[in-house]
>>> print(open('work_37.tsv').read())   # TSV, C-alpha atoms and all ligand atoms
chain	number	residue	atom	x	y	z
A	27	MET	CA	8.60	19.21	-3.96
A	28	ASN	CA	9.27	22.90	-4.27
A	29	LYS	CA	7.65	25.10	-1.59
A	30	GLU	CA	6.31	27.51	-4.20
A	31	ILE	CA	4.33	24.73	-5.89
A	32	ILE	CA	2.81	23.69	-2.57
A	33	GLU	CA	1.81	27.32	-1.94
A	34	HIS	CA	0.23	27.54	-5.39
A	35	LEU	CA	-1.71	24.34	-4.72
A	36	GLY	CA	-2.78	25.68	-1.33
A	37	GLN	CA	-4.56	28.54	-3.11
A	38	ILE	CA	-6.64	26.01	-5.05
A	39	VAL	CA	-7.30	23.18	-2.58
A	40	SER	CA	-7.61	23.29	1.21
A	41	GLU	CA	-4.61	22.17	3.25
A	42	GLU	CA	-6.11	18.87	4.42
A	43	ASN	CA	-6.49	17.79	0.81
A	44	ILE	CA	-2.81	18.21	-0.01
A	45	LEU	CA	-0.67	15.35	1.27
A	46	LEU	CA	3.13	15.38	1.15
A	47	ASN	CA	5.10	12.18	0.57
A	48	GLU	CA	1.92	10.17	0.64
A	49	PRO	CA	2.59	6.40	0.38
A	50	MET	CA	0.90	5.15	-2.80
A	51	SER	CA	0.51	1.77	-1.08
A	52	ARG	CA	-2.51	3.42	0.63
A	53	HIS	CA	-4.13	4.07	-2.72
A	54	THR	CA	-3.57	0.88	-4.72
A	55	THR	CA	-5.49	-2.38	-4.45
A	56	PHE	CA	-2.26	-4.37	-4.31
A	57	ARG	CA	-1.01	-2.15	-1.46
A	58	THR	CA	2.30	-1.45	-3.18
A	59	GLY	CA	4.05	1.78	-4.04
A	60	GLY	CA	6.37	4.32	-2.49
A	61	PRO	CA	5.58	7.97	-1.80
A	62	ALA	CA	3.98	10.47	-4.14
A	63	ALA	CA	5.78	13.79	-3.64
A	64	LEU	CA	2.34	15.46	-3.62
A	65	PHE	CA	-1.05	13.78	-3.43
A	66	VAL	CA	-3.88	16.19	-4.02
A	67	LYS	CA	-7.64	15.69	-3.69
A	68	PRO	CA	-9.65	18.33	-5.55
A	69	GLY	CA	-13.29	18.59	-4.48
A	70	ASP	CA	-14.92	20.10	-7.55
A	71	LEU	CA	-14.40	20.94	-11.19
A	72	ASP	CA	-12.99	24.42	-10.50
A	73	GLN	CA	-10.33	22.98	-8.23
A	74	LEU	CA	-9.51	20.22	-10.70
A	75	GLN	CA	-9.19	22.76	-13.51
A	76	GLY	CA	-6.97	24.93	-11.31
A	77	ILE	CA	-4.67	22.00	-10.59
A	78	MET	CA	-4.50	20.97	-14.25
A	79	LYS	CA	-3.65	24.54	-15.27
A	80	LEU	CA	-0.90	24.62	-12.67
A	81	VAL	CA	0.69	21.30	-13.71
A	82	ARG	CA	0.54	22.28	-17.38
A	83	ASN	CA	1.90	25.81	-16.88
A	84	LEU	CA	4.78	24.60	-14.73
A	85	GLU	CA	5.21	21.39	-16.77
A	86	LEU	CA	5.04	19.28	-13.63
A	87	PRO	CA	4.81	15.48	-13.84
A	88	TYR	CA	1.32	14.36	-12.78
A	89	PHE	CA	-0.82	11.28	-12.67
A	90	VAL	CA	-4.57	10.85	-12.18
A	91	VAL	CA	-5.66	8.07	-9.84
A	92	GLY	CA	-9.09	6.53	-9.42
A	93	ASN	CA	-9.42	3.58	-7.06
A	94	GLY	CA	-5.91	2.27	-7.82
A	95	SER	CA	-7.24	-1.15	-8.90
A	96	ASN	CA	-5.13	-1.24	-12.02
A	97	LEU	CA	-1.97	0.39	-10.70
A	98	LEU	CA	1.39	-0.99	-9.69
A	99	VAL	CA	3.48	1.85	-8.31
A	100	SER	CA	7.24	1.43	-7.88
A	101	ASP	CA	8.74	1.36	-4.39
A	102	LYS	CA	10.55	4.53	-5.48
A	103	GLY	CA	7.19	6.27	-5.62
A	104	PHE	CA	6.31	9.15	-7.92
A	105	ASP	CA	8.21	12.43	-7.97
A	106	GLY	CA	5.30	14.55	-9.10
A	107	ILE	CA	1.67	15.31	-8.33
A	108	VAL	CA	-0.87	12.54	-7.99
A	109	VAL	CA	-4.38	13.87	-8.55
A	110	SER	CA	-6.94	11.73	-6.77
A	111	LEU	CA	-10.58	11.93	-7.82
A	112	GLU	CA	-11.91	10.23	-4.68
A	113	ARG	CA	-13.91	13.33	-3.73
A	114	PHE	CA	-15.81	13.29	-7.02
A	115	CYS	CA	-18.48	11.06	-5.61
A	116	GLU	CA	-21.89	12.46	-6.54
A	117	LEU	CA	-24.33	9.76	-7.62
A	118	ARG	CA	-27.93	10.51	-8.54
A	119	LEU	CA	-30.76	9.75	-10.89
A	120	GLU	CA	-31.01	11.88	-14.00
A	121	GLY	CA	-34.49	11.72	-15.44
A	122	GLU	CA	-36.27	8.40	-15.13
A	123	SER	CA	-33.80	6.03	-16.71
A	124	SER	CA	-30.31	7.49	-16.42
A	125	ILE	CA	-27.74	7.74	-13.69
A	126	TYR	CA	-25.35	10.64	-13.20
A	127	ALA	CA	-22.11	9.54	-11.54
A	128	GLU	CA	-18.98	11.53	-10.90
A	129	SER	CA	-15.66	9.98	-11.81
A	130	GLY	CA	-14.73	8.82	-8.29
A	131	VAL	CA	-17.84	6.68	-7.73
A	132	LEU	CA	-17.13	2.94	-7.51
A	133	ASN	CA	-18.68	0.68	-10.14
A	134	SER	CA	-20.08	-1.49	-7.34
A	135	ALA	CA	-21.87	1.55	-5.85
A	136	ILE	CA	-23.42	2.42	-9.22
A	137	ALA	CA	-24.59	-1.17	-9.66
A	138	SER	CA	-26.26	-1.12	-6.23
A	139	PHE	CA	-27.80	2.29	-6.95
A	140	ALA	CA	-29.16	1.02	-10.28
A	141	ARG	CA	-30.65	-2.04	-8.59
A	142	ASP	CA	-32.24	0.07	-5.85
A	143	ASN	CA	-33.83	2.28	-8.53
A	144	SER	CA	-35.02	-0.62	-10.67
A	145	LEU	CA	-32.68	0.26	-13.54
A	146	THR	CA	-31.06	-2.38	-15.67
A	147	GLY	CA	-27.93	-2.37	-17.84
A	148	PHE	CA	-25.12	-1.95	-15.31
A	149	GLU	CA	-25.20	-5.47	-13.85
A	150	PHE	CA	-22.12	-6.60	-15.81
A	151	ALA	CA	-19.96	-3.97	-14.12
A	152	ALA	CA	-20.97	-4.74	-10.53
A	153	GLY	CA	-17.85	-6.83	-9.91
A	154	ILE	CA	-15.33	-4.79	-11.89
A	155	PRO	CA	-13.00	-3.19	-9.36
A	156	GLY	CA	-12.50	0.55	-9.64
A	157	THR	CA	-14.27	3.79	-10.32
A	158	ILE	CA	-16.51	4.82	-13.19
A	159	GLY	CA	-13.78	7.30	-14.27
A	160	GLY	CA	-11.29	4.44	-14.54
A	161	ALA	CA	-13.89	2.34	-16.35
A	162	MET	CA	-14.49	5.11	-18.88
A	163	ILE	CA	-10.86	5.71	-19.65
A	164	MET	CA	-10.07	2.00	-19.85
A	165	LYS	CA	-13.24	1.02	-21.79
A	166	ARG	CA	-14.20	-1.69	-19.30
A	167	ARG	CA	-16.15	-4.77	-20.23
A	168	ALA	CA	-17.26	-8.01	-18.63
A	169	TYR	CA	-19.50	-10.89	-19.68
A	170	ASP	CA	-21.56	-9.49	-22.58
A	171	GLY	CA	-21.57	-5.94	-21.25
A	172	GLU	CA	-19.45	-3.01	-22.26
A	173	MET	CA	-19.26	0.59	-21.02
A	174	LYS	CA	-19.72	2.10	-24.46
A	175	LEU	CA	-23.06	0.32	-24.82
A	176	ILE	CA	-24.58	1.94	-21.74
A	177	THR	CA	-22.90	5.37	-21.74
A	178	ARG	CA	-24.94	8.41	-22.74
A	179	GLU	CA	-22.52	11.25	-22.04
A	180	VAL	CA	-19.08	11.80	-20.58
A	181	THR	CA	-17.60	15.11	-19.46
A	182	VAL	CA	-13.91	15.21	-20.31
A	183	LEU	CA	-11.55	17.84	-18.97
B	201	LIG	C1	-9.24	-8.50	-9.67
B	201	LIG	C2	-9.56	-7.61	-10.86
B	201	LIG	C3	-10.56	-7.97	-11.73
B	201	LIG	C4	-10.85	-7.18	-12.83
B	201	LIG	N1	-11.86	-7.54	-13.68
B	201	LIG	C5	-12.13	-6.79	-14.76
B	201	LIG	C6	-13.17	-7.15	-15.68
B	201	LIG	O1	-13.86	-8.15	-15.52
B	201	LIG	N2	-13.38	-6.35	-16.77
B	201	LIG	C7	-12.64	-5.25	-16.99
B	201	LIG	O2	-12.88	-4.57	-17.98
B	201	LIG	N3	-11.65	-4.85	-16.12
B	201	LIG	C8	-11.38	-5.61	-15.04
B	201	LIG	N4	-10.37	-5.23	-14.19
B	201	LIG	C9	-9.65	-4.00	-14.43
B	201	LIG	C10	-10.38	-2.87	-13.73
B	201	LIG	O3	-11.56	-2.63	-14.37
B	201	LIG	C11	-9.57	-1.61	-13.76
B	201	LIG	O4	-8.65	-1.87	-12.77
B	201	LIG	C12	-10.41	-0.35	-13.41
B	201	LIG	O5	-11.21	0.04	-14.52
B	201	LIG	C13	-9.53	0.75	-13.06
B	201	LIG	O6	-10.31	1.72	-12.39
B	201	LIG	P1	-9.67	2.51	-11.18
B	201	LIG	O7	-10.61	3.57	-10.77
B	201	LIG	O8	-9.21	1.57	-10.12
B	201	LIG	O9	-8.43	3.17	-11.94
B	201	LIG	P2	-6.92	3.26	-11.45
B	201	LIG	O10	-6.36	1.89	-11.24
B	201	LIG	O11	-6.80	4.25	-10.34
B	201	LIG	O12	-6.26	3.90	-12.76
B	201	LIG	C14	-6.12	3.10	-13.93
B	201	LIG	C15	-5.76	4.04	-15.10
B	201	LIG	O13	-6.87	4.88	-15.41
B	201	LIG	C16	-6.51	6.25	-15.25
B	201	LIG	N5	-7.67	6.90	-14.64
B	201	LIG	C17	-8.43	6.45	-13.61
B	201	LIG	N6	-9.44	7.28	-13.36
B	201	LIG	C18	-9.34	8.29	-14.27
B	201	LIG	C19	-10.10	9.46	-14.54
B	201	LIG	N7	-11.20	9.77	-13.83
B	201	LIG	N8	-9.70	10.27	-15.53
B	201	LIG	C20	-8.58	9.98	-16.26
B	201	LIG	N9	-7.82	8.88	-16.06
B	201	LIG	C21	-8.20	8.05	-15.08
B	201	LIG	C22	-5.28	6.26	-14.36
B	201	LIG	O14	-4.47	7.40	-14.65
B	201	LIG	C23	-4.59	4.98	-14.80
B	201	LIG	O15	-3.88	5.17	-16.00
B	201	LIG	C24	-10.09	-6.01	-13.07
B	201	LIG	C25	-9.08	-5.63	-12.18
B	201	LIG	C26	-8.80	-6.40	-11.07
B	201	LIG	C27	-7.72	-5.97	-10.13
>>> encode(input="work_37.tsv", output="structure tokens", more="lines below")
Ligand SMILES: Cc1cc2nc3c(=O)[nH]c(=O)nc-3n(C[C@H](O)[C@H](O)[C@H](O)COP(=O)(O)OP(=O)(O)OC[C@H]3O[C@@H](n4cnc5c(N)ncnc54)[C@H](O)[C@@H]3O)c2cc1C
Amino acid sequence: MNKEIIEHLGQIVSEENILLNEPMSRHTTFRTGGPAALFVKPGDLDQLQGIMKLVRNLELPYFVVGNGSNLLVSDKGFDGIVVSLERFCELRLEGESSIYAESGVLNSAIASFARDNSLTGFEFAAGIPGTIGGAMIMKRRAYDGEMKLITREVTVL
């Protein structure tokens, strides 16, 4: 990947959160996949917006990854920027009966959090592999439960 692009990214995200030729096998449940030319881990919305502006302005190929539970990456890898949301992991109560979860939080963690706070509704998703961001985009369901039935609000970039 072009040095200039790496420098641009370095102005948005700290160095330790930009990985070069990162094996995607480290980021997929099936442990398959060759290297991503750049693997970047934004830590907040400003950084994520900065990265998205960069990839759009320069028309760079990019891919967003959650927990990698639903991904099969080729051994050839990905010649572009993989944007990982693993650092979007805030999880807290909002009011008395809602949960606020950032896109990188695992469904299993939300289910445990709901149980610990005596909230019901998320039980169906406890065993669905992946993050809440992945669940939102893929409209996850299991048993009689469905994400759309328990979702109050989603922030979309
Ligand atoms: C063993 C097994 C059992 C499963 N059981 C169920 C089940 O019972 N019910 C069910 O509904 N599903 C089931 N799934 C599918 C699973 O729910 C999906 O794999 C999961 O929702 C994907 O989430 P992830 O964070 O791992 O996404 P990833 O695998 O990382 O990504 C999947 C897709 O979502 C996109 N994506 C991920 N996060 C975001 C984000 N924040 N913003 C934009 N795009 C994003 C990625 O670009 C990619 O296209 C199962 C999967 C496995 C492997």
>>> residues_around(input="work_37.tsv", residues="region 60-68 of chain A", least_positions_apart="3", cutoff="8 Å", atoms="all atoms listed in the file", output="number ranges by chain")
A: 27, 39, 43-51, 71, 73-74, 77, 99-113
>>> axis_aligned_box(input="work_37.tsv", around="ligand LIG 201 (chain B)", padding_each_side="3 Å", output="lines of an AutoDock Vina configuration file")
center_x = -8.9
center_y = 0.9
center_z = -13.8
size_x = 16.0
size_y = 24.8
size_z = 14.3
>>> closest_residue(input="work_37.tsv", among="A:Leu86, A:Ala152, A:Ile125, A:Ala137", to="Arg178 (chain A)", atoms="all atoms listed in the file")
A:Ile125
>>> residues_near_ligand(input="work_37.tsv", ligand="ligand LIG 201 (chain B)", cutoff="9 Å", atoms="only C-alpha atoms and all ligand atoms", output="NGL selection string")
:A and (53-56 or 89-98 or 109-111 or 114 or 128-133 or 150-151 or 153-169 or 172-173 or 182-183)
>>> atom_distance(input="work_37.tsv", atom1="CA of Leu145 (chain A)", atom2="CA of Leu117 (chain A)")
14.0 Å
>>> residues_around(input="work_37.tsv", residues="Ser124 (chain A)", least_positions_apart="4", cutoff="10 Å", atoms="only C-alpha atoms", output="JSON, numbers by chain")
{"A": [118, 119, 120, 140, 145, 146, 176, 177, 178]}
>>> atom_distance(input="work_37.tsv", atom1="CA of Ala127 (chain A)", atom2="CA of Leu35 (chain A)")
26.1 Å
>>> atom_distance(input="work_37.tsv", atom1="CA of Ile32 (chain A)", atom2="CA of Gly59 (chain A)")
22.0 Å
>>> decode(input="work_37.tsv", residues="region 45-58 of chain A", atoms="all heavy atoms", output="short mmCIF file (atom, residue, chain, number, x, y, z; two decimals), in the first residue's frame")
data_model
loop_
_atom_site.label_atom_id
_atom_site.label_comp_id
_atom_site.auth_asym_id
_atom_site.auth_seq_id
_atom_site.Cartn_x
_atom_site.Cartn_y
_atom_site.Cartn_z
N LEU A 45 -2.09 -1.66 11.08
CA LEU A 45 -1.29 -2.87 10.87
C LEU A 45 -1.10 -3.10 9.37
O LEU A 45 -2.06 -3.00 8.61
CB LEU A 45 -1.98 -4.08 11.50
CG LEU A 45 -2.41 -3.92 12.97
CD1 LEU A 45 -3.15 -5.15 13.46
CD2 LEU A 45 -1.19 -3.66 13.85
N LEU A 46 0.13 -3.38 8.98
CA LEU A 46 0.43 -3.63 7.57
C LEU A 46 0.47 -5.13 7.32
O LEU A 46 1.01 -5.88 8.13
CB LEU A 46 1.79 -3.03 7.19
CG LEU A 46 2.01 -1.54 7.47
CD1 LEU A 46 3.36 -1.09 6.90
CD2 LEU A 46 0.91 -0.72 6.83
N ASN A 47 -0.08 -5.53 6.18
CA ASN A 47 -0.09 -6.95 5.80
C ASN A 47 -0.55 -7.85 6.95
O ASN A 47 0.10 -8.84 7.28
CB ASN A 47 1.31 -7.38 5.31
CG ASN A 47 1.67 -6.65 4.04
OD1 ASN A 47 0.83 -6.48 3.17
ND2 ASN A 47 2.90 -6.17 3.96
N GLU A 48 -1.63 -7.46 7.54
CA GLU A 48 -2.16 -8.19 8.69
C GLU A 48 -2.92 -9.44 8.21
O GLU A 48 -3.87 -9.34 7.43
CB GLU A 48 -3.10 -7.27 9.48
CG GLU A 48 -3.87 -7.92 10.60
CD GLU A 48 -2.99 -8.32 11.79
OE1 GLU A 48 -1.77 -8.06 11.76
OE2 GLU A 48 -3.55 -8.90 12.72
N PRO A 49 -2.52 -10.64 8.68
CA PRO A 49 -3.23 -11.86 8.25
C PRO A 49 -4.69 -11.82 8.72
O PRO A 49 -4.95 -11.67 9.91
CB PRO A 49 -2.47 -12.99 8.96
CG PRO A 49 -1.19 -12.39 9.42
CD PRO A 49 -1.44 -10.93 9.61
N MET A 50 -5.61 -11.97 7.77
CA MET A 50 -7.03 -11.95 8.13
C MET A 50 -7.43 -13.22 8.89
O MET A 50 -8.47 -13.26 9.53
CB MET A 50 -7.89 -11.75 6.88
CG MET A 50 -7.88 -10.33 6.35
SD MET A 50 -8.35 -9.11 7.62
CE MET A 50 -10.08 -9.52 7.86
N SER A 51 -6.57 -14.23 8.82
CA SER A 51 -6.84 -15.46 9.59
C SER A 51 -6.88 -15.15 11.09
O SER A 51 -7.47 -15.90 11.86
CB SER A 51 -5.77 -16.52 9.29
OG SER A 51 -4.49 -15.98 9.51
N ARG A 52 -6.30 -14.04 11.51
CA ARG A 52 -6.36 -13.64 12.93
C ARG A 52 -7.70 -13.00 13.29
O ARG A 52 -7.96 -12.75 14.46
CB ARG A 52 -5.25 -12.61 13.24
CG ARG A 52 -3.88 -13.19 13.21
CD ARG A 52 -2.88 -12.16 13.70
NE ARG A 52 -1.53 -12.67 13.53
CZ ARG A 52 -0.46 -11.92 13.33
NH1 ARG A 52 -0.57 -10.61 13.32
NH2 ARG A 52 0.73 -12.46 13.18
N HIS A 53 -8.47 -12.69 12.27
CA HIS A 53 -9.69 -11.91 12.53
C HIS A 53 -10.95 -12.58 12.00
O HIS A 53 -11.98 -11.93 11.84
CB HIS A 53 -9.54 -10.51 11.90
CG HIS A 53 -8.32 -9.80 12.38
ND1 HIS A 53 -8.27 -9.15 13.59
CD2 HIS A 53 -7.08 -9.69 11.84
CE1 HIS A 53 -7.05 -8.64 13.76
NE2 HIS A 53 -6.32 -8.96 12.71
N THR A 54 -10.87 -13.86 11.69
CA THR A 54 -12.05 -14.60 11.23
C THR A 54 -12.21 -15.84 12.10
O THR A 54 -11.21 -16.47 12.48
CB THR A 54 -11.93 -15.01 9.75
OG1 THR A 54 -10.72 -15.76 9.58
CG2 THR A 54 -11.91 -13.81 8.83
N THR A 55 -13.46 -16.18 12.38
CA THR A 55 -13.75 -17.34 13.23
C THR A 55 -13.15 -18.62 12.65
O THR A 55 -12.69 -19.49 13.38
CB THR A 55 -15.28 -17.49 13.37
OG1 THR A 55 -15.76 -16.32 14.01
CG2 THR A 55 -15.65 -18.68 14.22
N PHE A 56 -13.21 -18.73 11.32
CA PHE A 56 -12.70 -19.95 10.69
C PHE A 56 -11.19 -19.95 10.54
O PHE A 56 -10.61 -20.90 10.01
CB PHE A 56 -13.39 -20.17 9.34
CG PHE A 56 -14.84 -20.55 9.50
CD1 PHE A 56 -15.84 -19.64 9.22
CD2 PHE A 56 -15.19 -21.81 9.94
CE1 PHE A 56 -17.18 -19.97 9.40
CE2 PHE A 56 -16.52 -22.15 10.12
CZ PHE A 56 -17.52 -21.23 9.85
N ARG A 57 -10.55 -18.88 10.97
CA ARG A 57 -9.08 -18.77 10.94
C ARG A 57 -8.51 -18.95 9.54
O ARG A 57 -7.48 -19.60 9.37
CB ARG A 57 -8.44 -19.77 11.92
CG ARG A 57 -8.87 -19.57 13.35
CD ARG A 57 -8.20 -18.33 13.94
NE ARG A 57 -8.68 -18.03 15.28
CZ ARG A 57 -9.37 -16.94 15.62
NH1 ARG A 57 -9.69 -16.03 14.73
NH2 ARG A 57 -9.74 -16.72 16.84
N THR A 58 -9.21 -18.39 8.56
CA THR A 58 -8.71 -18.42 7.19
C THR A 58 -8.52 -16.99 6.72
O THR A 58 -9.09 -16.05 7.26
CB THR A 58 -9.73 -19.09 6.24
OG1 THR A 58 -10.93 -18.31 6.27
CG2 THR A 58 -10.01 -20.52 6.63
#
